[in-house]
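What follows is a short report on a single structure.
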Amino acid sequence: GQQVMQIPQYQHVQEGEDFTTYCNSSTTLSNIQWYKQRPGGHPVFLIQLVKSGEVKKQKRLTFQFGEAKKNSSLHITATQTTDVGTYFCAGRKGGSEKLVFGKGTKLTVNP
Amino acid sequence: NAGVTQTPKFQVLKTGQSMTLQCAQDMNHEYMSWYRQDPGMGLRLIHYSVGAGITDQGEVPNGYNVSRSTTEDFPLRLLSAAPSQTSVYFCASSYSTGRQETQYFGPGTRLLVL
């Protein structure tokens with residue numbers, strides 16, 4: 001079945017350093033979504049990417065969707081302690097109603 | 001709008017007991033889904049629905065039933081609870097696929113099966 005692999009599983013950074021998490025799918029995706037989950041909380045939708053090669057920015061966050069629509073990345077510039085949490089990607093295969101999540105990258109930030 | 005609500009917040013069951021996890025949304029969303037979250041496993045899709053009267057299986061449907069009699073409600077039933085079903089359960093809703101799919105998650109139900 002469809003699989004979405006996400007790396008790294010954990011990332012610890014010093015405040016001010018950059019952070020990137022990567023998502024790879026075994027199949028071409030119709031779209032990919034990114035979520036953030038704070039400790040003890042529920043996933044919160046960040047963004048959806050649909051087009052091949054798409055790049056979107058939200059303040060210090062940059063999201064990319066690969067040309068082949070099989071991979072994506074989330075990059076955070078100059079991390080802050082408020083960025084702590086687990087970041088998930090989720091992809092939907094073309095023609096499928098199912099949204100498949102990666103296992104997430106847990107980010108911790110040392111002040 | 002209350003968004004997506006889930007009840008109960010916490011539940012302890014004995015093996016073999018049955019229960020229903022409630023989920024409701026007031027945003028008139030067509031798409032609703034149930035996920036379970038276990039440490040290191042991310043979110044796994046249990047069942048989903050693309051509209052009232054329509055449900056389908058996700059990745060891990062065994063041991064769970066769902067129904068969607070109204071647009072607002074999407075209950076998840078555990079028929080005979082097992083310790084392997086100890087998890088955090090999230091309900092989510094969004095507009096139908098093919099549109100901008102901001103997916104809203106409920107606060108979750110923490111279930112412990114003894």
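Identifiers in the structure tokens: chain A, B, ... in order shown; residue index from 1 per chain; ligand index from 1 in order shown.
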DSSP-assigned strand (DSSP E or B) members of range 2-103 of chain B, reported as a PyMOL selection string
chain B and resi 4-7+10-13+19-25+31-38+42-51+54-57+64-66+73+76-78+87-94
List every residue of chain A that has an atom at most 8 Å from any atom of chain B, giving for each one its closest atom pair and the distance in Å to one decimal, counting only C-alpha atoms, sorted by chain and then by ascending residue number, as a tab-separated table.
```
residue	atom	partner	partner_atom	distance
A:Gly41	CA	B:Pro107	CA	6.9
A:His42	CA	B:Pro107	CA	5.6
A:Pro43	CA	B:Phe105	CA	6.3
A:Val44	CA	B:Phe105	CA	6.9
A:Phe45	CA	B:Gln103	CA	6.2
A:Ile47	CA	B:Thr102	CA	7.6
A:Gln48	CA	B:Glu101	CA	7.3
A:Phe88	CA	B:Gly42	CA	7.8
A:Glu97	CA	B:Thr97	CA	6.9
A:Lys98	CA	B:Gly58	CA	6.9
A:Leu99	CA	B:Leu45	CA	7.5
A:Val100	CA	B:Leu45	CA	7.1
A:Phe101	CA	B:Leu43	CA	5.9
A:Gly102	CA	B:Gly42	CA	6.2
A:Lys103	CA	B:Gly42	CA	3.9
A:Gly104	CA	B:Gly42	CA	6.0
```
For the residues selected in the previous step, produce a file with N, CA, C and O atoms as a PDB file, in the first residue's frame.
```pdb
ATOM      1  N   GLY A  41      -0.945  17.805  22.614  1.00  0.00           N
ATOM      2  CA  GLY A  41      -2.001  18.435  21.830  1.00  0.00           C
ATOM      3  C   GLY A  41      -2.437  17.593  20.655  1.00  0.00           C
ATOM      4  O   GLY A  41      -2.077  16.424  20.531  1.00  0.00           O
ATOM      5  N   HIS A  42      -3.216  18.213  19.781  1.00  0.00           N
ATOM      6  CA  HIS A  42      -3.681  17.530  18.594  1.00  0.00           C
ATOM      7  C   HIS A  42      -2.993  18.132  17.370  1.00  0.00           C
ATOM      8  O   HIS A  42      -2.489  19.258  17.432  1.00  0.00           O
ATOM      9  N   PRO A  43      -2.942  17.394  16.266  1.00  0.00           N
ATOM     10  CA  PRO A  43      -2.321  17.939  15.056  1.00  0.00           C
ATOM     11  C   PRO A  43      -3.049  19.178  14.567  1.00  0.00           C
ATOM     12  O   PRO A  43      -4.281  19.235  14.566  1.00  0.00           O
ATOM     13  N   VAL A  44      -2.260  20.155  14.138  1.00  0.00           N
ATOM     14  CA  VAL A  44      -2.806  21.393  13.599  1.00  0.00           C
ATOM     15  C   VAL A  44      -2.305  21.556  12.173  1.00  0.00           C
ATOM     16  O   VAL A  44      -1.103  21.479  11.920  1.00  0.00           O
ATOM     17  N   PHE A  45      -3.235  21.762  11.273  1.00  0.00           N
ATOM     18  CA  PHE A  45      -2.914  21.909   9.858  1.00  0.00           C
ATOM     19  C   PHE A  45      -2.044  23.143   9.638  1.00  0.00           C
ATOM     20  O   PHE A  45      -2.337  24.226  10.147  1.00  0.00           O
ATOM     21  N   ILE A  47      -0.274  23.569   6.143  1.00  0.00           N
ATOM     22  CA  ILE A  47      -0.320  23.959   4.738  1.00  0.00           C
ATOM     23  C   ILE A  47      -0.617  22.751   3.860  1.00  0.00           C
ATOM     24  O   ILE A  47      -0.414  21.599   4.289  1.00  0.00           O
ATOM     25  N   GLN A  48      -1.071  23.013   2.657  1.00  0.00           N
ATOM     26  CA  GLN A  48      -1.244  21.975   1.644  1.00  0.00           C
ATOM     27  C   GLN A  48      -0.510  22.407   0.376  1.00  0.00           C
ATOM     28  O   GLN A  48      -0.618  23.568  -0.040  1.00  0.00           O
ATOM     29  N   PHE A  88       4.393  16.544  11.101  1.00  0.00           N
ATOM     30  CA  PHE A  88       3.953  15.424  10.282  1.00  0.00           C
ATOM     31  C   PHE A  88       3.682  15.876   8.854  1.00  0.00           C
ATOM     32  O   PHE A  88       3.111  16.945   8.640  1.00  0.00           O
ATOM     33  N   GLU A  97      -9.115   8.531  -1.550  1.00  0.00           N
ATOM     34  CA  GLU A  97      -9.645   9.403  -0.513  1.00  0.00           C
ATOM     35  C   GLU A  97      -8.808   9.324   0.760  1.00  0.00           C
ATOM     36  O   GLU A  97      -9.023  10.088   1.680  1.00  0.00           O
ATOM     37  N   LYS A  98      -7.879   8.366   0.818  1.00  0.00           N
ATOM     38  CA  LYS A  98      -7.135   8.135   2.057  1.00  0.00           C
ATOM     39  C   LYS A  98      -5.963   9.093   2.186  1.00  0.00           C
ATOM     40  O   LYS A  98      -5.210   9.306   1.241  1.00  0.00           O
ATOM     41  N   LEU A  99      -5.797   9.638   3.386  1.00  0.00           N
ATOM     42  CA  LEU A  99      -4.660  10.496   3.699  1.00  0.00           C
ATOM     43  C   LEU A  99      -3.708   9.685   4.563  1.00  0.00           C
ATOM     44  O   LEU A  99      -4.098   9.221   5.635  1.00  0.00           O
ATOM     45  N   VAL A 100      -2.483   9.503   4.094  1.00  0.00           N
ATOM     46  CA  VAL A 100      -1.510   8.667   4.814  1.00  0.00           C
ATOM     47  C   VAL A 100      -0.453   9.565   5.444  1.00  0.00           C
ATOM     48  O   VAL A 100       0.181  10.365   4.751  1.00  0.00           O
ATOM     49  N   PHE A 101      -0.266   9.407   6.740  1.00  0.00           N
ATOM     50  CA  PHE A 101       0.679  10.232   7.484  1.00  0.00           C
ATOM     51  C   PHE A 101       2.049   9.582   7.574  1.00  0.00           C
ATOM     52  O   PHE A 101       2.169   8.352   7.678  1.00  0.00           O
ATOM     53  N   GLY A 102       3.082  10.414   7.552  1.00  0.00           N
ATOM     54  CA  GLY A 102       4.404   9.969   7.955  1.00  0.00           C
ATOM     55  C   GLY A 102       4.436   9.815   9.470  1.00  0.00           C
ATOM     56  O   GLY A 102       3.498  10.212  10.168  1.00  0.00           O
ATOM     57  N   LYS A 103       5.531   9.232   9.982  1.00  0.00           N
ATOM     58  CA  LYS A 103       5.617   8.985  11.419  1.00  0.00           C
ATOM     59  C   LYS A 103       6.012  10.229  12.205  1.00  0.00           C
ATOM     60  O   LYS A 103       5.987  10.220  13.431  1.00  0.00           O
ATOM     61  N   GLY A 104       6.378  11.277  11.505  1.00  0.00           N
ATOM     62  CA  GLY A 104       6.651  12.535  12.177  1.00  0.00           C
ATOM     63  C   GLY A 104       8.107  12.741  12.538  1.00  0.00           C
ATOM     64  O   GLY A 104       8.887  11.786  12.667  1.00  0.00           O
TER      65      GLY A 104
END
```
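Across A:Gln58, A:Gln64, A:Thr28, A:Thr108, the tightest approach to Thr77 in chain A is made by A:Gln58 when counting only C-alpha atoms.
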Excluding Ser25 in chain A and its own-chain neighbours fewer than 2 positions away, which residues fall within 6 Å of it when counting only C-alpha atoms? Please give them as a list in words.
Gln3, Val4, Thr27 and Lys70 of chain A
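Taking only C-alpha atoms, the non-local environment of Asn110 in chain A within 12 Å (same-chain residues fewer than 2 positions away omitted) comprises Gln11, His12, Val13, Gln14, Glu15, Gly16, Glu17, Thr79, Gln80, Thr81, Thr82, Asp83, Val84, Leu107 and Thr108 of chain A.
The residue set within 9 Å of Gly63 in chain B, counting only C-alpha atoms and dropping same-chain residues fewer than 5 places from it, reads Arg77, Leu78, Leu79, Ser80, Ala81, Ala82 and Gln85 of chain B.
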Selection file, N, CA and C atoms, as a PDB file, in the first residue's frame:
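Output file result01.pdb follows:
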```
ATOM      1  N   ARG B  77     -16.868   2.779  17.032  1.00  0.00           N
ATOM      2  CA  ARG B  77     -17.237   1.750  18.001  1.00  0.00           C
ATOM      3  C   ARG B  77     -16.153   0.690  18.125  1.00  0.00           C
ATOM      4  N   LEU B  78     -15.785   0.422  19.367  1.00  0.00           N
ATOM      5  CA  LEU B  78     -14.913  -0.704  19.667  1.00  0.00           C
ATOM      6  C   LEU B  78     -15.809  -1.843  20.106  1.00  0.00           C
ATOM      7  N   LEU B  79     -15.789  -2.936  19.381  1.00  0.00           N
ATOM      8  CA  LEU B  79     -16.742  -4.016  19.613  1.00  0.00           C
ATOM      9  C   LEU B  79     -16.371  -4.854  20.833  1.00  0.00           C
ATOM     10  N   SER B  80     -15.090  -5.168  20.960  1.00  0.00           N
ATOM     11  CA  SER B  80     -14.591  -5.976  22.075  1.00  0.00           C
ATOM     12  C   SER B  80     -13.159  -5.516  22.324  1.00  0.00           C
ATOM     13  N   ALA B  81     -12.997  -4.612  23.265  1.00  0.00           N
ATOM     14  CA  ALA B  81     -11.711  -3.940  23.447  1.00  0.00           C
ATOM     15  C   ALA B  81     -10.588  -4.919  23.789  1.00  0.00           C
ATOM     16  N   ALA B  82      -9.411  -4.624  23.217  1.00  0.00           N
ATOM     17  CA  ALA B  82      -8.206  -5.414  23.470  1.00  0.00           C
ATOM     18  C   ALA B  82      -7.095  -4.466  23.910  1.00  0.00           C
ATOM     19  N   GLN B  85      -5.538  -1.997  21.611  1.00  0.00           N
ATOM     20  CA  GLN B  85      -6.275  -0.807  21.205  1.00  0.00           C
ATOM     21  C   GLN B  85      -6.036   0.371  22.157  1.00  0.00           C
TER      22      GLN B  85
END
```
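Closest approach to Ser96 in chain A among A:Tyr22, A:Asn31, A:Tyr10, A:Leu61 is made by A:Asn31 (distances from only C-alpha atoms).
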Between CA of Gly16 in chain B and CA of Ser93 in chain B, what is the distance, to one decimal in Å?
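For CA of Gly16 in chain B relative to CA of Ser93 in chain B, the distance reads 29.3 Å.
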All residues 8 Å or closer to Tyr87 in chain A, only C-alpha atoms, same chain fewer than 6 positions away omitted, as a list in words:
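Listing them by chain and then by number gives Thr21, Trp34, Tyr35, Lys36, Gln37, Gly104, Thr105, Lys106 and Leu107 of chain A.
Near Leu112 in chain B, within 7 Å and counting only C-alpha atoms, sit B:Gln11, B:Val12, B:Leu13, B:Thr86, B:Ser87, not including residues fewer than 5 positions from it in the same chain.
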For N, CA, C and O atoms, I'd like the residues from the last selection saved as a PDB file, in the first residue's frame.
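Wrote result-v4.pdb, looks like this:
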```
ATOM      1  N   GLN B  11     -10.685   7.365  28.858  1.00  0.00           N
ATOM      2  CA  GLN B  11     -11.510   6.200  29.126  1.00  0.00           C
ATOM      3  C   GLN B  11     -10.628   5.020  29.478  1.00  0.00           C
ATOM      4  O   GLN B  11      -9.596   4.816  28.818  1.00  0.00           O
ATOM      5  N   VAL B  12     -11.035   4.289  30.484  1.00  0.00           N
ATOM      6  CA  VAL B  12     -10.368   3.041  30.840  1.00  0.00           C
ATOM      7  C   VAL B  12     -11.370   1.915  30.646  1.00  0.00           C
ATOM      8  O   VAL B  12     -12.494   1.986  31.149  1.00  0.00           O
ATOM      9  N   LEU B  13     -10.973   0.904  29.908  1.00  0.00           N
ATOM     10  CA  LEU B  13     -11.835  -0.250  29.641  1.00  0.00           C
ATOM     11  C   LEU B  13     -11.145  -1.525  30.080  1.00  0.00           C
ATOM     12  O   LEU B  13      -9.905  -1.589  30.117  1.00  0.00           O
ATOM     13  N   THR B  86      -5.179   0.186  23.132  1.00  0.00           N
ATOM     14  CA  THR B  86      -4.740   1.303  23.964  1.00  0.00           C
ATOM     15  C   THR B  86      -4.020   2.301  23.068  1.00  0.00           C
ATOM     16  O   THR B  86      -3.045   1.963  22.394  1.00  0.00           O
ATOM     17  N   SER B  87      -4.525   3.530  23.043  1.00  0.00           N
ATOM     18  CA  SER B  87      -3.983   4.513  22.107  1.00  0.00           C
ATOM     19  C   SER B  87      -4.643   5.856  22.365  1.00  0.00           C
ATOM     20  O   SER B  87      -5.516   5.990  23.223  1.00  0.00           O
TER      21      SER B  87
END
```
For a test of reading the model, state the distance in Å between CA of Ile7 in chain A and CA of Asn24 in chain A, rounded to one decimal.
8.6 Å
Grab the CA of Arg110 in chain B to CA of Cys23 in chain A distance for me, in Å with one decimal place.
27.6 Å
